[in-house]
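Structure record follows, encoded as structure tokens.
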Amino acid sequence: MNRKACLCVCLLLIVLVTVCGFTGRSFFLSKSKFINFEKLEAPPAIAAVNADSQALRVAISSVLLPQETVVHYRSIANFLGLQVDRPVMLIQRKSYAEIALLLLNGGADIAFFSSGEYANYSGFDEIEMLAAQQRMGLPYHQGYIIVAKDSEINGIDDLKGKTVAFTDPLSYSGYTFLVHMLRQRNQTPETFFGRYIYTYSHDNSFRAVVNKVVDAAPVTSLVYDRAKQKQPELAAEVRIIAFSPPAGTGPVVAGKSVSQGQRETLRKALLTMHENRTMLPALQGLSIDRFVPPQPELCEPIRRMLREKREHL
């Protein structure tokens, strides 16, 4: 047998051994390897497809430093989830607008709103106030315009050409009331200030003034009063040069995805939360005395400013 014939025989033997030894199975596909398009299978259960679809989605945009408050918000969210027998998903966003749009578009079930945020979006039927916050004995707060203690700025007119830190475009105490005061002078932030920034945190705005990163900032009275209680040396570094009219504190609101029955359960849970000893650390950590029944009329000063803004457009 010549060399070429030997090579062919060897190759044939290799193929036969491979076929016969193919994991002990036939070389050809078994019937189970074919797809039978006439056989219908039941679709997987909805719960298996999206196990998180039943989670209570709680949205927050913290006006205090996130690392200090997220743990307390999570405790409250978990408590509310237990009341309606649902797991909880805590959602945090940077701005008030992101939280509001999340709720309106069905991406969240309940949210912690700021008062300015609520005044801007309370006209939507999809949003219902469940409860408001009572802080330091009051169901309302004010905006303070603060400057450094040794600053030569003594009033609004002295802010001409200065640098200002706003909190958020939807914040009443951190934006709206100061812009309203400028409007009364036929001015805007663009025409009046030398520069302005957004910090998306009242604490950040407060510290920007303390550290003289900016000349002034409008902040909520809640942050200033909290600093006086817990960090008096920090509060002593600033002066208040103007106040806003009082307005309601930020409410807890529900979106259209929450049934009426669960809304009532959540409302009751919020209004009685302060009676539960295990929830006191979370409430105290957020400087909340208790949740109180909704008082939408407390947001009327903000709505009035927003109406005047629209009339001047």
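Naming works like this for the structure tokens: A, B, ... for the chains as they're shown, residue 1 at the start of each chain, ligands 1 onward in shown order.
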So that I can check the surroundings of A:Asp225, please list as a PyMOL selection string every protein, DNA and RNA residue that reaches within 9 Å of it, counting only C-alpha atoms and ignoring chain neighbours fewer than 5 positions away. chain A and resi 136+220+230+235
Take the residues from that selection and write them out as a PDB file, in the first residue's frame, keeping C-alpha atoms.
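Writing the result to selection.pdb gives the following:
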ATOM      1  CA  MET A 136     -39.376  71.772  65.655  1.00  0.00           C
ATOM      2  CA  THR A 220     -34.336  76.622  54.626  1.00  0.00           C
ATOM      3  CA  LYS A 230     -26.016  70.502  66.696  1.00  0.00           C
ATOM      4  CA  ALA A 235     -24.219  78.639  62.759  1.00  0.00           C
TER       5      ALA A 235
END
Set the distance at 10 Å and use only C-alpha atoms: which residues neighbour stretch 241-246 of chain A once local chain neighbours fewer than 2 positions away are removed? I'd like the list as a ChimeraX atom specification. /A:139-147,153-156,172-173,176-178,180-181,216,218-221,238-239,248-249,298-302
Any chance you could export the current selection's C-alpha atoms as a short mmCIF file (atom, residue, chain, number, x, y, z; two decimals), in the first residue's frame?
data_model
loop_
_atom_site.label_atom_id
_atom_site.label_comp_id
_atom_site.auth_asym_id
_atom_site.auth_seq_id
_atom_site.Cartn_x
_atom_site.Cartn_y
_atom_site.Cartn_z
CA PRO A 139 -45.83 72.53 60.23
CA TYR A 140 -44.13 75.28 58.23
CA HIS A 141 -40.69 76.73 57.58
CA GLN A 142 -39.08 79.86 56.14
CA GLY A 143 -36.31 80.70 53.78
CA TYR A 144 -33.31 82.61 55.14
CA ILE A 145 -30.79 84.50 53.04
CA ILE A 146 -27.48 84.05 54.81
CA VAL A 147 -24.07 85.71 54.42
CA ILE A 153 -23.68 92.62 52.82
CA ASN A 154 -26.64 93.78 54.88
CA GLY A 155 -29.60 93.51 52.51
CA ILE A 156 -30.85 92.25 49.15
CA TYR A 172 -39.07 77.55 47.77
CA SER A 173 -36.61 78.45 50.52
CA THR A 176 -38.13 80.80 44.62
CA PHE A 177 -38.50 83.42 47.33
CA LEU A 178 -35.18 85.15 46.50
CA HIS A 180 -39.40 86.66 43.72
CA MET A 181 -37.66 89.47 45.62
CA ALA A 216 -24.73 84.51 50.01
CA PRO A 218 -31.01 81.24 50.41
CA VAL A 219 -31.52 78.20 52.66
CA THR A 220 -34.34 76.62 54.63
CA SER A 221 -34.72 77.70 58.23
CA VAL A 238 -23.29 83.27 59.25
CA ARG A 239 -25.81 86.11 59.51
CA GLY A 248 -45.67 74.47 54.63
CA THR A 249 -42.96 71.88 55.13
CA LEU A 298 -49.83 76.34 53.83
CA CYS A 299 -48.29 76.21 50.35
CA GLU A 300 -50.40 79.16 49.14
CA PRO A 301 -47.57 81.74 49.59
CA ILE A 302 -45.47 79.67 47.18
#
Check stretch 79-286 of chain A with DSSP on the backbone and list each residue it calls helix (DSSP H, G or I), as number ranges by chain. A: 79-83, 96-104, 115-121, 156-159, 172-183, 189-192, 202-210, 221-230, 232-235, 260-271, 273-275, 277-285
Preceding selection exported with C-alpha atoms as a PDB file, in the first residue's frame:
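As a result, again24.pdb now contains:
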ATOM      1  CA  PHE A  79     -41.674  50.683  57.983  1.00  0.00           C
ATOM      2  CA  LEU A  80     -44.178  51.793  55.328  1.00  0.00           C
ATOM      3  CA  GLY A  81     -43.497  48.678  53.268  1.00  0.00           C
ATOM      4  CA  LEU A  82     -44.348  46.485  56.249  1.00  0.00           C
ATOM      5  CA  GLN A  83     -47.711  48.217  56.648  1.00  0.00           C
ATOM      6  CA  TYR A  96     -36.571  67.847  42.867  1.00  0.00           C
ATOM      7  CA  ALA A  97     -37.683  67.790  39.218  1.00  0.00           C
ATOM      8  CA  GLU A  98     -36.307  64.268  38.765  1.00  0.00           C
ATOM      9  CA  ILE A  99     -38.310  63.041  41.754  1.00  0.00           C
ATOM     10  CA  ALA A 100     -41.525  64.728  40.593  1.00  0.00           C
ATOM     11  CA  LEU A 101     -41.265  63.382  37.047  1.00  0.00           C
ATOM     12  CA  LEU A 102     -40.453  59.920  38.383  1.00  0.00           C
ATOM     13  CA  LEU A 103     -43.694  59.957  40.372  1.00  0.00           C
ATOM     14  CA  LEU A 104     -45.779  61.390  37.506  1.00  0.00           C
ATOM     15  CA  SER A 115     -42.821  72.401  49.661  1.00  0.00           C
ATOM     16  CA  GLY A 116     -41.741  74.191  46.487  1.00  0.00           C
ATOM     17  CA  GLU A 117     -41.842  70.953  44.548  1.00  0.00           C
ATOM     18  CA  TYR A 118     -45.384  70.272  45.758  1.00  0.00           C
ATOM     19  CA  ALA A 119     -46.539  73.810  44.903  1.00  0.00           C
ATOM     20  CA  ASN A 120     -45.197  73.385  41.366  1.00  0.00           C
ATOM     21  CA  TYR A 121     -46.809  69.985  40.765  1.00  0.00           C
ATOM     22  CA  ILE A 156     -30.846  92.254  49.146  1.00  0.00           C
ATOM     23  CA  ASP A 157     -29.629  95.309  47.259  1.00  0.00           C
ATOM     24  CA  ASP A 158     -26.088  94.637  48.474  1.00  0.00           C
ATOM     25  CA  LEU A 159     -26.120  91.325  46.560  1.00  0.00           C
ATOM     26  CA  TYR A 172     -39.069  77.553  47.770  1.00  0.00           C
ATOM     27  CA  SER A 173     -36.607  78.453  50.518  1.00  0.00           C
ATOM     28  CA  GLY A 174     -33.523  77.747  48.406  1.00  0.00           C
ATOM     29  CA  TYR A 175     -34.565  79.582  45.222  1.00  0.00           C
ATOM     30  CA  THR A 176     -38.127  80.801  44.616  1.00  0.00           C
ATOM     31  CA  PHE A 177     -38.495  83.421  47.326  1.00  0.00           C
ATOM     32  CA  LEU A 178     -35.183  85.148  46.501  1.00  0.00           C
ATOM     33  CA  VAL A 179     -35.996  85.191  42.785  1.00  0.00           C
ATOM     34  CA  HIS A 180     -39.400  86.657  43.723  1.00  0.00           C
ATOM     35  CA  MET A 181     -37.661  89.466  45.623  1.00  0.00           C
ATOM     36  CA  LEU A 182     -35.545  90.163  42.552  1.00  0.00           C
ATOM     37  CA  ARG A 183     -38.654  90.237  40.364  1.00  0.00           C
ATOM     38  CA  PRO A 189     -30.579  86.217  38.728  1.00  0.00           C
ATOM     39  CA  GLU A 190     -28.884  86.707  35.361  1.00  0.00           C
ATOM     40  CA  THR A 191     -29.110  90.511  35.466  1.00  0.00           C
ATOM     41  CA  PHE A 192     -28.520  91.001  39.190  1.00  0.00           C
ATOM     42  CA  HIS A 202     -29.291  73.165  51.662  1.00  0.00           C
ATOM     43  CA  ASP A 203     -26.350  71.957  53.737  1.00  0.00           C
ATOM     44  CA  ASN A 204     -24.024  72.453  50.778  1.00  0.00           C
ATOM     45  CA  SER A 205     -25.345  75.991  50.284  1.00  0.00           C
ATOM     46  CA  PHE A 206     -24.934  76.696  53.992  1.00  0.00           C
ATOM     47  CA  ARG A 207     -21.345  75.462  53.993  1.00  0.00           C
ATOM     48  CA  ALA A 208     -20.565  77.351  50.792  1.00  0.00           C
ATOM     49  CA  VAL A 209     -21.292  80.574  52.705  1.00  0.00           C
ATOM     50  CA  VAL A 210     -19.383  79.447  55.809  1.00  0.00           C
ATOM     51  CA  SER A 221     -34.718  77.698  58.235  1.00  0.00           C
ATOM     52  CA  LEU A 222     -34.704  73.990  59.116  1.00  0.00           C
ATOM     53  CA  VAL A 223     -31.033  73.632  58.182  1.00  0.00           C
ATOM     54  CA  TYR A 224     -30.053  76.830  59.982  1.00  0.00           C
ATOM     55  CA  ASP A 225     -31.954  75.846  63.139  1.00  0.00           C
ATOM     56  CA  ARG A 226     -30.493  72.338  62.996  1.00  0.00           C
ATOM     57  CA  ALA A 227     -26.995  73.832  62.805  1.00  0.00           C
ATOM     58  CA  LYS A 228     -27.727  76.024  65.832  1.00  0.00           C
ATOM     59  CA  GLN A 229     -28.717  72.928  67.799  1.00  0.00           C
ATOM     60  CA  LYS A 230     -26.016  70.502  66.696  1.00  0.00           C
ATOM     61  CA  PRO A 232     -23.552  76.134  67.034  1.00  0.00           C
ATOM     62  CA  GLU A 233     -20.016  77.106  66.075  1.00  0.00           C
ATOM     63  CA  LEU A 234     -20.998  76.641  62.418  1.00  0.00           C
ATOM     64  CA  ALA A 235     -24.219  78.639  62.759  1.00  0.00           C
ATOM     65  CA  GLN A 260     -56.888  54.097  47.407  1.00  0.00           C
ATOM     66  CA  GLY A 261     -56.875  51.392  50.059  1.00  0.00           C
ATOM     67  CA  GLN A 262     -53.099  51.406  50.353  1.00  0.00           C
ATOM     68  CA  ARG A 263     -53.056  55.202  50.380  1.00  0.00           C
ATOM     69  CA  GLU A 264     -55.204  55.174  53.487  1.00  0.00           C
ATOM     70  CA  THR A 265     -53.002  52.521  55.094  1.00  0.00           C
ATOM     71  CA  LEU A 266     -49.867  54.533  54.345  1.00  0.00           C
ATOM     72  CA  ARG A 267     -51.481  57.744  55.564  1.00  0.00           C
ATOM     73  CA  LYS A 268     -52.402  56.139  58.883  1.00  0.00           C
ATOM     74  CA  ALA A 269     -48.908  54.678  59.227  1.00  0.00           C
ATOM     75  CA  LEU A 270     -47.337  58.094  58.694  1.00  0.00           C
ATOM     76  CA  LEU A 271     -49.656  59.918  61.101  1.00  0.00           C
ATOM     77  CA  MET A 273     -45.328  56.732  63.244  1.00  0.00           C
ATOM     78  CA  HIS A 274     -44.159  58.917  66.141  1.00  0.00           C
ATOM     79  CA  GLU A 275     -46.011  56.580  68.525  1.00  0.00           C
ATOM     80  CA  ARG A 277     -40.613  53.770  69.666  1.00  0.00           C
ATOM     81  CA  THR A 278     -38.550  51.921  67.069  1.00  0.00           C
ATOM     82  CA  MET A 279     -39.148  54.732  64.548  1.00  0.00           C
ATOM     83  CA  LEU A 280     -38.073  57.601  66.795  1.00  0.00           C
ATOM     84  CA  PRO A 281     -34.356  57.424  65.823  1.00  0.00           C
ATOM     85  CA  ALA A 282     -35.264  57.802  62.136  1.00  0.00           C
ATOM     86  CA  LEU A 283     -37.606  60.725  62.785  1.00  0.00           C
ATOM     87  CA  GLN A 284     -35.098  62.437  65.053  1.00  0.00           C
ATOM     88  CA  GLY A 285     -32.329  61.842  62.515  1.00  0.00           C
TER      89      GLY A 285
END
Would you kindly return, as a list in words, each protein, DNA or RNA residue with an atom no farther than 7 Å from any atom of stretch 254-257 of chain A, considering only C-alpha atoms and excluding same-chain residues fewer than 6 positions away? Leu103, Leu104, Gly106, Asp109, Ile110, Ala111, Glu126, Ile127, Glu128, Met129 and Leu130 of chain A
What are the DSSP strand (DSSP E) residues of stretch 95-309 of chain A, as number ranges by chain? A: 110-112, 128-134, 140-141, 143-148, 163-166, 195-198, 216-220, 238-243, 247-248, 252-254, 290-292
